[in-house]
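Data from my_file_7.txt: compact mmCIF, C-alpha atoms and all ligand atoms
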# COMPACT_ATOMS: atom_id res chain seq x y z
CA MET A 526 48.77 -35.11 -15.73
CA ARG A 527 49.12 -38.82 -16.53
CA LYS A 528 52.23 -39.82 -18.47
CA PRO A 529 51.31 -42.00 -21.46
CA PHE A 530 52.32 -45.65 -21.29
CA VAL A 531 52.87 -47.91 -24.30
CA ALA A 532 53.54 -51.59 -23.67
CA GLY A 533 54.11 -54.55 -25.95
CA ASN A 534 52.73 -57.95 -25.00
CA TRP A 535 54.67 -60.46 -27.07
CA LYS A 536 52.46 -63.35 -25.89
CA MET A 537 53.80 -66.81 -26.90
CA ASN A 538 55.90 -65.45 -29.78
CA THR A 539 59.56 -64.92 -30.73
CA ASP A 540 62.54 -67.21 -30.10
CA ASN A 541 65.96 -66.86 -28.52
CA HIS A 542 67.38 -64.88 -31.41
CA SER A 543 64.38 -62.83 -32.52
CA SER A 544 63.45 -61.75 -28.97
CA VAL A 545 66.89 -60.18 -28.51
CA ASN A 546 66.82 -58.60 -31.98
CA LEU A 547 63.39 -57.13 -31.33
CA ALA A 548 64.47 -55.75 -27.95
CA GLN A 549 67.62 -54.22 -29.43
CA SER A 550 65.72 -52.60 -32.30
CA ILE A 551 63.12 -51.13 -29.95
CA ALA A 552 65.82 -49.92 -27.56
CA SER A 553 67.88 -48.20 -30.23
CA GLY A 554 64.82 -46.81 -32.05
CA SER A 555 63.47 -45.26 -28.87
CA SER A 556 66.72 -43.71 -27.67
CA GLU A 557 65.59 -40.25 -28.86
CA ILE A 558 62.31 -40.45 -26.99
CA ALA A 559 62.53 -38.76 -23.61
CA GLU A 560 61.64 -40.92 -20.63
CA LYS A 561 59.63 -38.10 -19.19
CA SER A 562 57.29 -38.01 -22.19
CA VAL A 563 56.20 -41.68 -22.25
CA SER A 564 56.61 -44.88 -20.22
CA MET A 565 57.53 -47.92 -22.30
CA ALA A 566 57.60 -51.62 -21.50
CA VAL A 567 57.78 -55.00 -23.20
CA PHE A 568 56.39 -58.32 -21.94
CA PRO A 569 58.37 -61.17 -23.54
CA PRO A 570 57.86 -64.86 -22.78
CA PHE A 571 59.39 -65.89 -19.41
CA VAL A 572 62.33 -67.78 -20.87
CA TYR A 573 63.55 -64.81 -22.90
CA LEU A 574 63.21 -62.24 -20.10
CA PRO A 575 66.88 -62.31 -18.98
CA SER A 576 68.29 -61.89 -22.49
CA VAL A 577 65.68 -59.28 -23.41
CA ILE A 578 66.45 -57.32 -20.23
CA LYS A 579 70.14 -57.43 -21.12
CA ALA A 580 69.40 -56.30 -24.68
CA LEU A 581 67.27 -53.39 -23.42
CA ASN A 582 70.37 -52.36 -21.52
CA VAL A 583 70.39 -48.68 -20.59
CA SER A 584 67.27 -47.83 -22.59
CA ASN A 585 64.16 -46.35 -21.00
CA ILE A 586 62.20 -49.49 -21.72
CA ALA A 587 61.08 -51.55 -18.76
CA ALA A 588 60.46 -55.29 -18.87
CA GLY A 589 57.54 -57.21 -17.48
CA ALA A 590 56.21 -60.75 -17.27
CA GLN A 591 52.98 -61.94 -18.85
CA ASP A 592 52.02 -63.97 -15.78
CA PHE A 593 53.30 -65.35 -12.44
CA TYR A 594 51.96 -67.18 -9.39
CA PHE A 595 50.88 -65.42 -6.21
CA GLU A 596 52.65 -67.69 -3.69
CA GLN A 597 56.14 -66.67 -2.56
CA ASN A 598 57.87 -70.02 -3.11
CA GLY A 599 57.41 -73.73 -2.52
CA ALA A 600 55.89 -76.76 -4.18
CA PHE A 601 54.18 -75.12 -7.16
CA THR A 602 55.63 -77.03 -10.08
CA GLY A 603 55.94 -74.95 -13.21
CA GLU A 604 55.19 -71.61 -11.57
CA ILE A 605 57.23 -68.39 -11.34
CA SER A 606 57.10 -66.06 -8.32
CA VAL A 607 57.14 -62.30 -7.95
CA SER A 608 60.56 -62.40 -6.25
CA MET A 609 62.05 -64.41 -9.13
CA LEU A 610 60.82 -61.77 -11.57
CA LYS A 611 62.17 -58.96 -9.39
CA ASP A 612 65.44 -60.83 -9.11
CA ILE A 613 66.05 -60.77 -12.87
CA GLY A 614 65.04 -57.13 -13.29
CA CYS A 615 61.33 -57.09 -14.11
CA THR A 616 59.30 -54.00 -13.27
CA PHE A 617 55.79 -54.91 -14.43
CA VAL A 618 53.49 -57.94 -14.55
CA LEU A 619 50.27 -58.52 -16.44
CA CYS A 620 47.39 -59.82 -14.33
CA GLY A 621 44.24 -61.33 -15.78
CA HIS A 622 44.98 -60.98 -19.47
CA SER A 623 41.94 -62.14 -21.42
CA GLU A 624 43.84 -65.14 -22.78
CA ARG A 625 44.57 -66.23 -19.23
CA ARG A 626 40.94 -65.67 -18.24
CA HIS A 627 39.32 -67.34 -21.23
CA VAL A 628 41.90 -69.84 -22.53
CA ILE A 629 43.59 -70.89 -19.28
CA GLY A 630 40.53 -70.34 -17.06
CA GLU A 631 41.80 -67.82 -14.49
CA THR A 632 39.11 -66.48 -12.17
CA ASP A 633 38.64 -63.00 -10.70
CA GLU A 634 39.59 -64.47 -7.33
CA LEU A 635 42.94 -65.80 -8.57
CA ILE A 636 43.62 -62.57 -10.45
CA ASN A 637 42.94 -60.58 -7.28
CA LYS A 638 45.50 -62.68 -5.41
CA LYS A 639 48.01 -62.01 -8.17
CA VAL A 640 47.43 -58.24 -8.12
CA ALA A 641 47.89 -58.20 -4.32
CA ALA A 642 51.02 -60.40 -4.49
CA ALA A 643 52.59 -58.27 -7.22
CA ILE A 644 52.13 -55.08 -5.20
CA SER A 645 53.38 -56.62 -1.96
CA GLY A 646 56.42 -57.99 -3.77
CA GLY A 647 57.26 -54.67 -5.43
CA LEU A 648 56.14 -55.30 -9.00
CA LEU A 649 53.72 -52.99 -10.83
CA PRO A 650 50.63 -54.93 -11.95
CA VAL A 651 48.74 -54.20 -15.15
CA LEU A 652 45.23 -55.50 -14.47
CA CYS A 653 43.53 -56.45 -17.74
CA VAL A 654 39.75 -56.34 -18.05
CA GLY A 655 37.32 -56.53 -20.95
CA GLU A 656 34.11 -58.03 -22.22
CA LEU A 657 33.47 -60.85 -24.71
CA LEU A 658 31.65 -60.12 -27.97
CA ASP A 659 28.45 -61.78 -26.70
CA GLU A 660 28.60 -59.68 -23.57
CA ARG A 661 28.92 -56.48 -25.62
CA LYS A 662 26.05 -57.57 -27.87
CA ALA A 663 23.94 -58.21 -24.76
CA SER A 664 24.78 -54.70 -23.44
CA GLN A 665 26.70 -56.21 -20.53
CA THR A 666 29.98 -54.37 -21.13
CA ASN A 667 29.64 -52.03 -18.16
CA GLU A 668 28.58 -54.82 -15.84
CA VAL A 669 31.47 -57.12 -16.86
CA VAL A 670 34.14 -54.41 -16.73
CA THR A 671 32.83 -53.15 -13.37
CA ARG A 672 32.87 -56.65 -11.93
CA GLN A 673 36.40 -57.39 -13.18
CA VAL A 674 37.81 -54.12 -11.83
CA LYS A 675 36.04 -54.44 -8.46
CA ASN A 676 37.00 -58.09 -7.99
CA GLY A 677 40.52 -57.62 -9.32
CA LEU A 678 41.22 -54.84 -6.81
CA ALA A 679 39.19 -56.28 -3.90
CA GLY A 680 40.72 -55.68 -0.50
CA LEU A 681 43.45 -53.36 -1.74
CA SER A 682 43.93 -49.98 -0.08
CA ALA A 683 44.16 -46.72 -2.00
CA GLU A 684 47.85 -46.55 -1.18
CA LYS A 685 48.40 -49.97 -2.77
CA ILE A 686 46.42 -49.41 -5.90
CA SER A 687 48.44 -46.36 -6.85
CA ALA A 688 50.90 -49.00 -8.18
CA VAL A 689 48.27 -50.40 -10.56
CA THR A 690 47.71 -49.74 -14.25
CA ILE A 691 44.40 -50.91 -15.75
CA ALA A 692 44.23 -52.19 -19.32
CA TYR A 693 40.82 -52.25 -20.98
CA GLU A 694 41.03 -54.94 -23.65
CA PRO A 695 37.69 -55.88 -25.21
CA VAL A 696 38.12 -59.57 -26.05
CA TRP A 697 36.43 -59.18 -29.46
CA ALA A 698 39.11 -56.67 -30.47
CA ILE A 699 42.13 -58.77 -29.51
CA GLY A 700 43.98 -60.20 -32.48
CA THR A 701 40.94 -59.71 -34.73
CA GLY A 702 41.73 -56.42 -36.45
CA LEU A 703 38.39 -55.16 -35.05
CA THR A 704 39.73 -52.25 -33.02
CA ALA A 705 37.26 -50.56 -30.67
CA THR A 706 36.31 -47.14 -31.97
CA PRO A 707 37.87 -44.27 -30.04
CA GLN A 708 34.38 -43.57 -28.63
CA GLN A 709 33.90 -47.17 -27.47
CA ALA A 710 37.32 -47.10 -25.81
CA GLN A 711 36.65 -43.72 -24.18
CA GLU A 712 33.27 -44.89 -22.81
CA ALA A 713 34.81 -47.94 -21.14
CA HIS A 714 37.79 -45.98 -19.82
CA GLU A 715 35.55 -43.28 -18.39
CA LEU A 716 33.48 -45.98 -16.72
CA VAL A 717 36.62 -47.44 -15.11
CA ARG A 718 37.86 -44.04 -13.95
CA LYS A 719 34.49 -43.16 -12.40
CA LEU A 720 34.43 -46.56 -10.72
CA LEU A 721 37.91 -45.98 -9.27
CA ALA A 722 36.77 -42.58 -7.99
CA LYS A 723 33.83 -44.28 -6.26
CA MET A 724 35.93 -47.13 -4.85
CA TYR A 725 38.79 -44.87 -3.71
CA ASP A 726 38.80 -41.14 -4.38
CA ALA A 727 38.72 -38.75 -7.31
CA ARG A 728 42.35 -37.69 -6.98
CA LEU A 729 43.62 -41.26 -7.12
CA ALA A 730 41.30 -42.07 -10.02
CA GLU A 731 42.81 -39.15 -11.94
CA GLU A 732 46.31 -40.55 -11.43
CA ILE A 733 45.76 -44.16 -12.46
CA ARG A 734 46.65 -44.94 -16.04
CA ILE A 735 44.11 -46.82 -18.13
CA LEU A 736 45.48 -48.39 -21.32
CA TYR A 737 43.51 -49.65 -24.28
CA GLY A 738 44.39 -52.97 -25.95
CA GLY A 739 42.90 -54.78 -28.93
CA SER A 740 44.24 -54.47 -32.48
CA ALA A 741 46.10 -51.24 -31.69
CA LYS A 742 48.22 -50.33 -34.72
CA PRO A 743 50.32 -47.39 -35.93
CA ASP A 744 47.37 -46.07 -37.95
CA ASN A 745 44.84 -46.01 -35.10
CA ALA A 746 47.13 -45.30 -32.13
CA ALA A 747 47.00 -41.50 -32.19
CA GLU A 748 43.21 -41.39 -32.46
CA LEU A 749 42.76 -43.81 -29.58
CA MET A 750 45.23 -42.00 -27.35
CA ALA A 751 43.61 -38.65 -28.16
CA GLN A 752 40.66 -39.72 -26.01
CA GLN A 753 40.62 -38.07 -22.63
CA ASP A 754 40.75 -41.26 -20.58
CA VAL A 755 42.94 -43.39 -22.87
CA ASP A 756 46.40 -43.08 -21.32
CA GLY A 757 48.29 -45.42 -23.58
CA LEU A 758 48.13 -48.78 -25.35
CA LEU A 759 48.81 -52.42 -24.59
CA VAL A 760 49.85 -53.72 -27.98
CA GLY A 761 49.91 -57.37 -29.04
CA GLY A 762 50.61 -58.25 -32.68
CA ALA A 763 51.98 -54.85 -33.70
CA SER A 764 54.53 -54.94 -30.87
CA LEU A 765 56.32 -57.85 -32.60
CA ASN A 766 57.46 -55.48 -35.33
CA ALA A 767 59.94 -52.87 -34.04
CA ASP A 768 58.97 -50.22 -36.61
CA ASP A 769 55.26 -50.55 -35.85
CA PHE A 770 55.82 -50.56 -32.10
CA LEU A 771 58.09 -47.49 -32.33
CA ALA A 772 55.49 -45.71 -34.47
CA ILE A 773 52.87 -46.40 -31.79
CA ILE A 774 55.22 -45.06 -29.10
CA ARG A 775 55.82 -41.91 -31.13
CA ALA A 776 52.06 -41.43 -31.44
CA ALA A 777 51.91 -41.22 -27.65
CA VAL A 778 54.45 -38.41 -27.32
P1 LIG B 1 46.47 -57.44 -30.36
O1 LIG B 1 47.12 -56.05 -30.37
O2 LIG B 1 47.24 -58.44 -31.14
O3 LIG B 1 45.02 -57.37 -30.70
O4 LIG B 1 46.55 -57.94 -28.82
C1 LIG B 1 46.14 -57.10 -27.81
C2 LIG B 1 46.50 -57.71 -26.51
O5 LIG B 1 45.96 -58.73 -26.10
C3 LIG B 1 47.57 -57.06 -25.71
O6 LIG B 1 47.66 -57.60 -24.45

Whole structure, structure tokens version:
Amino acid sequence: MRKPFVAGNWKMNTDNHSSVNLAQSIASGSSEIAEKSVSMAVFPPFVYLPSVIKALNVSNIAAGAQDFYFEQNGAFTGEISVSMLKDIGCTFVLCGHSERRHVIGETDELINKKVAAAISGGLLPVLCVGELLDERKASQTNEVVTRQVKNGLAGLSAEKISAVTIAYEPVWAIGTGLTATPQQAQEAHELVRKLLAKMYDARLAEEIRILYGGSAKPDNAAELMAQQDVDGLLVGGASLNADDFLAIIRAAV
């Protein structure tokens, strides 16, 4: 039985004060929710991670980074390593978010290096995949998602990928209010799970959590998570409001 997982990706939002307030509100609002019923995490901007981690305090909410670089250390101006993130108390990292693929230009090859580096360094990667609107219109969704999952996990053993969470985030649904229907989400998630069973084995595929992301909101969260292969949500905009994010978490329990 997969434990649901609800995570908030704050993207390039909040400031010193509001990031701490948001973390505190989420921490206190979720104190009644048993850790065994749902995994929770937030992904603030790098610079606010230490104060957010402090504000999360003894709550059951983990912290993660939105990005990092795969090298261990050295002359990589501007980059942040896995060990630095571990050092300040991060648990998770996003790899290959669509904004990094399509705005910053990250390739499958770079994303694969990041997934491998995160696992080796002891962080839990959330590998994000998803098709563009034109790709969906051209019936290429399965092909694109298959390619991104295969390339993102290339060269990783079954033992290693048990640390991975997959997030299916159709690009056309991100920040647009155009949420995928529960059926569209389920189809893509089922595709990913079958692919994992083929690449590794059925038991492992049953254990890996696959989250949906793309305009997830309190009013569509329960319906999305009711789908057999939707194991939780990666929430953008709605995770910046503590009440909305907490409502989404409660829908997972
Ligand atoms: P929105 O929930 O704002 O559509 O963002 C989804 C997302 O990209 C989460 O990583």

Q. Ligand LIG 1 (chain B): which residues are within 10 Å, counting all atoms listed in the file, as a VMD selection string?
A. chain A and resid 532 to 536 568 591 619 622 to 624 651 653 692 to 704 736 to 742 758 to 765

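For the choices A:Met565, A:Ser550, A:Ile691, A:Gln708, the atom-to-atom distance to Asn766 of chain A is smallest for A:Ser550 when using all atoms listed in the file.
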
**Q.** Near-segment 772-778 of chain A list (7 Å; all atoms listed in the file; drop same-chain fewer than 6 positions) as an MDAnalysis selection string
**A.** chainID A and resid 529 531 562:563 742:743 746:747 750 757

Dump of C-alpha atoms for the selected residues, as a short mmCIF file (atom, residue, chain, number, x, y, z; two decimals), in the frame of the given file:
data_model
loop_
_atom_site.label_atom_id
_atom_site.label_comp_id
_atom_site.auth_asym_id
_atom_site.auth_seq_id
_atom_site.Cartn_x
_atom_site.Cartn_y
_atom_site.Cartn_z
CA PRO A 529 51.31 -42.00 -21.46
CA VAL A 531 52.87 -47.91 -24.30
CA SER A 562 57.29 -38.01 -22.19
CA VAL A 563 56.20 -41.68 -22.25
CA LYS A 742 48.22 -50.33 -34.72
CA PRO A 743 50.32 -47.39 -35.93
CA ALA A 746 47.13 -45.30 -32.13
CA ALA A 747 47.00 -41.50 -32.19
CA MET A 750 45.23 -42.00 -27.35
CA GLY A 757 48.29 -45.42 -23.58
#

**Q.** All residues 10 Å or closer to segment 667-672 of chain A, all atoms listed in the file, same chain fewer than 5 positions away omitted, as a list in words
**A.**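 After dropping sequence-adjacent residues, the list is Asp633, Cys653, Val654, Gly655, Glu656, Leu657, Glu660, Arg661, Gly677, Leu678, Tyr693, Glu694, Pro695, Glu712, Ala713, His714, Leu716, Val717, Leu720 and Leu721 of chain A.
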
Q: Please measure the separation of atom CA of Asn745 of chain A and atom CA of Phe770 of chain A, giving the value in Å to one decimal.
A: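 Between atom CA of Asn745 of chain A and atom CA of Phe770 of chain A the gap works out to 12.3 Å.
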
Q) What does the distance from atom CA of Lys561 of chain A to atom CA of Phe530 of chain A come to in Å, to one decimal? A)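 About the pair atom CA of Lys561 of chain A and atom CA of Phe530 of chain A: they are 10.7 Å apart.
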
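For the atom pair formed by atom CA of Lys638 of chain A and atom CA of Asn585 of chain A, the distance is 29.3 Å, given to one decimal.
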
(Q) Show me the residues around (44.4, -44.6, -6.1) - criterion: an atom at most 6 Å away, only C-alpha atoms counted - as a PyMOL selection string. (A) chain A and resi 683+686-687+729-730

Q.
With distances taken over only C-alpha atoms, which residue among A:Gln709, A:Leu648, A:Ser584, A:Tyr725 lies nearest Ser682 of chain A?
A.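 Using only C-alpha atoms, the shortest distance to Ser682 of chain A belongs to A:Tyr725.
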
Listed atoms of segment 575-587 of chain A boxed axis-aligned with 5 Å per side, centre + edges as AutoDock Vina command-line options:
--center_x 65.7 --center_y -54.3 --center_z -21.7 --size_x 19.3 --size_y 26.0 --size_z 15.9

Q) For the point (68.1, -51.4, -24.2) in file coordinates, what residues are within 10 Å, counting only C-alpha atoms? Give the answer as a PyMOL selection string? A) chain A and resi 545+548-556+577-587

Q) Looking at A:Ala588, A:Lys685, A:Asp726, A:Asn541, which one is nearest to Val567 of chain A, with distances taken over only C-alpha atoms? A)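 Result for the nearest residue to Val567 of chain A: A:Ala588.
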
**Q.** Selected residue of minimal separation from Pro650 of chain A among A:Ala705, A:Arg734, A:Pro569, A:Met724, counting all atoms listed in the file
**A.** A:Arg734

Q: For Leu749 of chain A, work out the shell of residues within 8 Å, counting all atoms listed in the file and skipping chain neighbours fewer than 5 positions away, then give it as a ChimeraX atom specification.
A: /A:706-707,710,737,755

Q. In terms of the shortest atom-to-atom distance over only C-alpha atoms, which of A:Phe571, A:Glu631, A:Leu547, A:Ala722 is closest to Leu610 of chain A?
A.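 The shortest atom-to-atom distance to Leu610 of chain A comes from A:Phe571.
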